[in-house]
Amino acid sequence: MKKNWLAAISSNLTIALCLQAAPAMAQNSATQTVGAQPAGLGEIVVTAEKRKSTEQKTAIAMSVLTPETLARNGVGSVADLTAVAPSVSFAQAGPATIISVRGVSSRDTSEIGDPAVSISIDGFNLQRALGLNASMFDLERVEVLRGPQGTLLGRNATGGAINIVTAKPKPGDLSAYLGVEAGNYRMHNVKGMINVPVNDWITLRAAFQLRDHDGYRNNAPSANADDEHSRSARLHVLMKPTDRFSLLLTGEYSDFDGVGTATQAIPWVLYTAANVPAGYAVGDVDLGVPPRGNAKDFPMPAGSFLRTKAWNFRAQADYDFTFATLTYQGGYRRFKIDRRTTLGGAYGTNRQNFTFGQRENLPSWNHELRLSSNSKGPLKWQFGGFYFKESNNLTTQFQDFPGQDSISGTPFLIQNYVYPDIVAEAKAAFGQVSYELIPGLTAEAGARYSKDDKHRIGYNTVTNVTTYLNTKCYLTNSCVMVTTPQNSTASSSKTTWHAALNYQATPRNLIYAKFDTGYKAGGFTDLAAYNPESITAYEIGAKNRFLGNRLQLNLSAYLYNYTDQQVSQTVTNSNGAVATLVLNAGSSRYKGVELDALFDPTPDDHFNAYVAYQDARFTNFAAAVSGQLARAAAAEGKLVGANWQLDGKRPPQAPVWTVNLGYEHDFHVFGGRLTPRFQTHIESESYFTFYNFASDRQDSYHRSDIIVTYKHEPANWTLSAFVRNLEDTVVLSSASAPTSATYQTYREQYQAPRTYGASFTYNW
């Protein structure tokens, strides 16, 4: 009787909250295969808690993207997940990708910076999203976990986690597929896979992907940027010599060779006597929306390129002791990047034509050993240890094009940074226990101790940029170069906690409440050290299936309290160079509600909807400012001494509303299934810096896709056609605030414009 009563509460709570959120619309979850399923919505196996379960019985707000969802949406890179993963957004800092989950992100993409969202492939932790794109092929699924994952995933998971799970060898199955794709911007992609059982206990699976398209921008005299020319390959070897032991060995390689990302450098617009706002001065930078034009045609100095190579060797070994399974996951990865980014401004009028070059060599090691119980009784547990180490050899050069009316020719080296010894090392021990108190009601508790150490040894040789620009010392070879050691260390540690109550009211109704803490390591920049950040999170949720398993309604509500949240901005240092300053915001608060729905009213009709509301604000944050920033603070009445009181400002990439909607219908024709699909993404305004200027604002927008797929099931082939970003909406992937006087430009990057094409895949 009690169980039925709790089931009724779960159902009524979900329906009531859904009705409350309905006027706000709903967003596309896109987390399940939406093909026809006469028996209702299918279940997806996940390993979000490092043991097998199903999505609907895992008490985590999550999106699970199946191979069908990924293929239909042309997901070939991490940034492509924006269209299909709820509450996840991606920004760019040059070629580096910044991932935000529920508005939580890390803007520090420097050699010492850490992400706020944990990223892994087959359990192998990745420090940088830049090298992740090569892994986005031949996948079993992508798990996007929303909220702190500080116990089991731990390292830098204050915002959440993205777990990429590749397709593994299938014993006894000789199979293959080959796919081709072509479209505008001379896009041509090829992918393939073969699965070969060698004998009763060894199976191979090999896969590859080639992706090419020309740049989305017209950047003469530079070659067109925002291009892609990448190659990737993977080999899995699965060995199961006994029923108790299995060993998976994996080798992976990828490379990229192209122009790289495009940054539009728009010359500052300055206030004049005719339009200067109250509190500002003539000559201050206009903080309104810059004149970006069509965001497709803008010049860049010649010479931009991006070249990367990645090698990954990893292993997973499992041994079943009957009472528990011992698992090792780990390996070695080497990532190399060589790039040059050019920035242009208003040629012939001021000095805004620069080139930024960087070379990095990053080997990293991952090791995790854990023991997990196999009991089917009320008690389940797992304990383990984790080790991570990344080294880096970095050289950075900042150069100027001396001719004011030219964006070509030989640049002049004005700053050189050499860091041959950069190391980030992390160690952790963790454990989690769950116990079923009464039938259906389970209590969970977990803890993780983390210790992080970083050091950097090197030097920089620079000339003062302001003096260089004012005196034109390059003309007389009289520029003074000064060499300064740059040796720094940082150490931090913390224990994070997890506690939860989960009630499986019926096989199709789960309600949960949980408490989590998270931690992101401290560090340093050229300017100053910064503290670790900590988060305390509270969440309640419900996962439900109704109407004979044809309607899925998942709901979550959360509250985050941040302490010392790390926020960063670009500034000009004492040498006039561009530098990153990381500050600790005293406190901030995030609260939100999410609704995730799937509905199959008939076996051939499939709806998906998702809506997220979030209110994220800094609640205690002051930043030292001077000059125009001080005048901006004073104009808002928020200048106290030399500090801008930023309480009430919104963190970057934290829109109030995010909505995805999708619908598709299956037509059974010509011996197969024809499925047209429409989906749209709607997002309210957000900002790219914590100042919340109009110049770094992304206005509200919507962006839609149309995909038509025909699957000829007897012949086992699939043909698809698509138009993505149907409206050709201009969407920013980054925008800067005028906090550095070196460039004297607004700097902006953009997401992909409208693309269209077709693909064909044949399966054997």
# chains A, B, ... in the order shown; residues from 1 in each chain; ligands from 1
$ residues_around --residues "A:Ala612" --least-positions-apart "3" --cutoff "8 Å" --atoms "only C-alpha atoms" --output "PyMOL selection string"
chain A and resi 26-27+87+592-595+656-659
$ select_by_dssp --residues "stretch 573-636 of chain A" --states "strand (DSSP E or B)" --output "PyMOL selection string"
chain A and resi 578-602+605-620+622-624
$ residues_around --residues "A:Gly671" --least-positions-apart "2" --cutoff "8 Å" --atoms "only C-alpha atoms" --output "PyMOL selection string"
chain A and resi 668-669+673+712-714
$ residues_around --residues "stretch 308-315 of chain A" --least-positions-apart "5" --cutoff "7 Å" --atoms "only C-alpha atoms" --output "mmCIF file with N, CA and C atoms, in the first residue's frame"
data_model
loop_
_atom_site.group_PDB
_atom_site.id
_atom_site.type_symbol
_atom_site.label_atom_id
_atom_site.label_comp_id
_atom_site.auth_asym_id
_atom_site.auth_seq_id
_atom_site.Cartn_x
_atom_site.Cartn_y
_atom_site.Cartn_z
ATOM 1 N N LEU A 248 40.507 -5.701 -23.025
ATOM 2 C CA LEU A 248 40.272 -4.888 -24.216
ATOM 3 C C LEU A 248 41.461 -3.969 -24.417
ATOM 4 N N LEU A 249 42.130 -4.104 -25.558
ATOM 5 C CA LEU A 249 43.248 -3.243 -25.918
ATOM 6 C C LEU A 249 42.806 -2.332 -27.058
ATOM 7 N N THR A 250 43.165 -1.059 -26.969
ATOM 8 C CA THR A 250 42.721 -0.078 -27.959
ATOM 9 C C THR A 250 43.880 0.797 -28.396
ATOM 10 N N GLY A 251 43.982 0.997 -29.699
ATOM 11 C CA GLY A 251 44.906 1.967 -30.268
ATOM 12 C C GLY A 251 44.129 2.949 -31.121
ATOM 13 N N GLU A 252 44.453 4.233 -31.001
ATOM 14 C CA GLU A 252 43.685 5.267 -31.703
ATOM 15 C C GLU A 252 44.638 6.339 -32.210
ATOM 16 N N TYR A 253 44.364 6.830 -33.414
ATOM 17 C CA TYR A 253 45.196 7.891 -34.000
ATOM 18 C C TYR A 253 44.281 8.893 -34.683
ATOM 19 N N SER A 254 44.681 10.163 -34.644
ATOM 20 C CA SER A 254 43.942 11.195 -35.375
ATOM 21 C C SER A 254 44.877 12.335 -35.729
ATOM 22 N N ASP A 255 44.518 13.068 -36.775
ATOM 23 C CA ASP A 255 45.246 14.293 -37.092
ATOM 24 C C ASP A 255 44.313 15.288 -37.759
ATOM 25 N N PHE A 256 44.705 16.539 -37.692
ATOM 26 C CA PHE A 256 43.965 17.658 -38.297
ATOM 27 C C PHE A 256 44.995 18.566 -38.941
ATOM 28 N N ASP A 257 44.711 19.004 -40.163
ATOM 29 C CA ASP A 257 45.625 19.909 -40.863
ATOM 30 C C ASP A 257 44.791 20.865 -41.703
ATOM 31 N N GLN A 329 41.302 0.443 -15.821
ATOM 32 C CA GLN A 329 41.155 1.260 -17.026
ATOM 33 C C GLN A 329 42.286 2.271 -17.043
ATOM 34 N N GLY A 330 42.951 2.397 -18.173
ATOM 35 C CA GLY A 330 44.021 3.380 -18.241
ATOM 36 C C GLY A 330 44.801 3.272 -19.521
ATOM 37 N N GLY A 331 45.889 4.042 -19.578
ATOM 38 C CA GLY A 331 46.724 4.013 -20.759
ATOM 39 C C GLY A 331 47.521 5.294 -20.909
ATOM 40 N N TYR A 332 47.953 5.502 -22.136
ATOM 41 C CA TYR A 332 48.857 6.610 -22.464
ATOM 42 C C TYR A 332 48.301 7.345 -23.672
ATOM 43 N N ARG A 333 48.454 8.673 -23.656
ATOM 44 C CA ARG A 333 48.001 9.494 -24.778
ATOM 45 C C ARG A 333 49.022 10.590 -25.031
ATOM 46 N N ARG A 334 49.291 10.840 -26.296
ATOM 47 C CA ARG A 334 50.152 11.963 -26.665
ATOM 48 C C ARG A 334 49.387 12.838 -27.655
ATOM 49 N N PHE A 335 49.386 14.133 -27.355
ATOM 50 C CA PHE A 335 48.682 15.091 -28.207
ATOM 51 C C PHE A 335 49.642 16.208 -28.568
ATOM 52 N N LYS A 336 49.731 16.520 -29.854
ATOM 53 C CA LYS A 336 50.589 17.597 -30.329
ATOM 54 C C LYS A 336 49.743 18.616 -31.085
ATOM 55 N N ILE A 337 50.047 19.880 -30.831
ATOM 56 C CA ILE A 337 49.362 20.954 -31.543
ATOM 57 C C ILE A 337 50.376 21.990 -31.991
ATOM 58 N N ASP A 338 50.215 22.424 -33.219
ATOM 59 C CA ASP A 338 51.050 23.479 -33.792
ATOM 60 C C ASP A 338 50.092 24.412 -34.517
#
$ closest_residue --among "A:Arg359, A:Arg724, A:Asn692, A:Ser478" --to "A:Val75" --atoms "only C-alpha atoms"
A:Arg724
$ closest_atom_pairs --of "stretch 217-286 of chain A" --to "stretch 88-92 of chain A" --cutoff "12 Å" --atoms "only C-alpha atoms" --output "CSV"
residue,atom,partner,partner_atom,distance
A:Asp226,CA,A:Gln92,CA,11.5
A:Gly260,CA,A:Gln92,CA,11.6
A:Thr261,CA,A:Gln92,CA,8.7
A:Ala262,CA,A:Gln92,CA,10.1
A:Thr263,CA,A:Gln92,CA,9.8
$ residues_around --residues "stretch 754-756 of chain A" --least-positions-apart "6" --cutoff "8 Å" --atoms "only C-alpha atoms" --output "PyMOL selection string"
chain A and resi 183-185+721-729
$ residues_around --residues "A:Asp605" --least-positions-apart "5" --cutoff "7 Å" --atoms "only C-alpha atoms" --output "compact mmCIF listing (two decimals) with N, CA and C atoms, in the first residue's frame"
# COMPACT_ATOMS: atom_id res chain seq x y z
N ASP A 600 5.65 8.64 -27.91
CA ASP A 600 5.32 7.90 -29.13
C ASP A 600 3.83 7.61 -29.12
N GLU A 664 9.16 13.44 -35.61
CA GLU A 664 9.41 12.67 -36.82
C GLU A 664 8.30 11.65 -37.01
N HIS A 665 8.09 11.26 -38.26
CA HIS A 665 7.06 10.28 -38.60
C HIS A 665 7.65 9.27 -39.57
N ASP A 666 7.34 8.00 -39.33
CA ASP A 666 7.81 6.92 -40.21
C ASP A 666 6.74 6.59 -41.24
$ closest_atom_pairs --of "stretch 467-579 of chain A" --to "stretch 137-157 of chain A" --cutoff "9 Å" --atoms "only C-alpha atoms" --output "tab-separated table"
residue	atom	partner	partner_atom	distance
A:Thr495	CA	A:Thr151	CA	9.0
A:Thr496	CA	A:Gly150	CA	6.1
A:Trp497	CA	A:Thr151	CA	6.3
A:His498	CA	A:Thr151	CA	6.4
A:Asp516	CA	A:Pro148	CA	6.6
A:Thr517	CA	A:Gly150	CA	6.3
A:Gly518	CA	A:Gly150	CA	4.8
A:Tyr519	CA	A:Asn156	CA	6.4
A:Lys520	CA	A:Asn156	CA	4.8
A:Ala521	CA	A:Asn156	CA	7.2
A:Ile535	CA	A:Pro148	CA	7.9
A:Thr536	CA	A:Pro148	CA	8.5
A:Ala537	CA	A:Pro148	CA	7.2
A:Glu539	CA	A:Gly147	CA	8.7
A:Tyr558	CA	A:Gly147	CA	8.5
A:Tyr560	CA	A:Gly147	CA	8.9
$ closest_residue --among "A:Ala624, A:Ala424, A:Leu326, A:Ala116" --to "A:Lys389" --atoms "only C-alpha atoms"
A:Ala424
$ select_by_dssp --residues "stretch 111-313 of chain A" --states "helix (DSSP H, G or I)" --output "ChimeraX atom specification"
/A:129-135
$ write_last_selection --atoms "C-alpha atoms" --output "compact mmCIF listing (two decimals), in the first residue's frame"
# COMPACT_ATOMS: atom_id res chain seq x y z
CA ALA A 129 38.34 19.05 -25.30
CA LEU A 130 40.44 20.16 -28.28
CA GLY A 131 41.76 16.65 -28.84
CA LEU A 132 38.39 15.00 -28.28
CA ASN A 133 36.95 15.50 -31.76
CA ALA A 134 39.02 12.65 -33.14
CA SER A 135 37.13 10.18 -30.95
$ closest_residue --among "A:His702, A:Lys57, A:His188, A:Arg339" --to "A:Gly303" --atoms "only C-alpha atoms"
A:Arg339
$ residues_around --residues "A:Trp764" --least-positions-apart "2" --cutoff "7 Å" --atoms "only C-alpha atoms" --output "count of residues only"
4
$ closest_residue --among "A:Phe670, A:Tyr468, A:Tyr387, A:Phe412" --to "A:Lys427" --atoms "only C-alpha atoms"
A:Tyr387
$ closest_residue --among "A:Val269, A:Val423, A:Leu475, A:Ile164" --to "A:Ser491" --atoms "only C-alpha atoms"
A:Val423
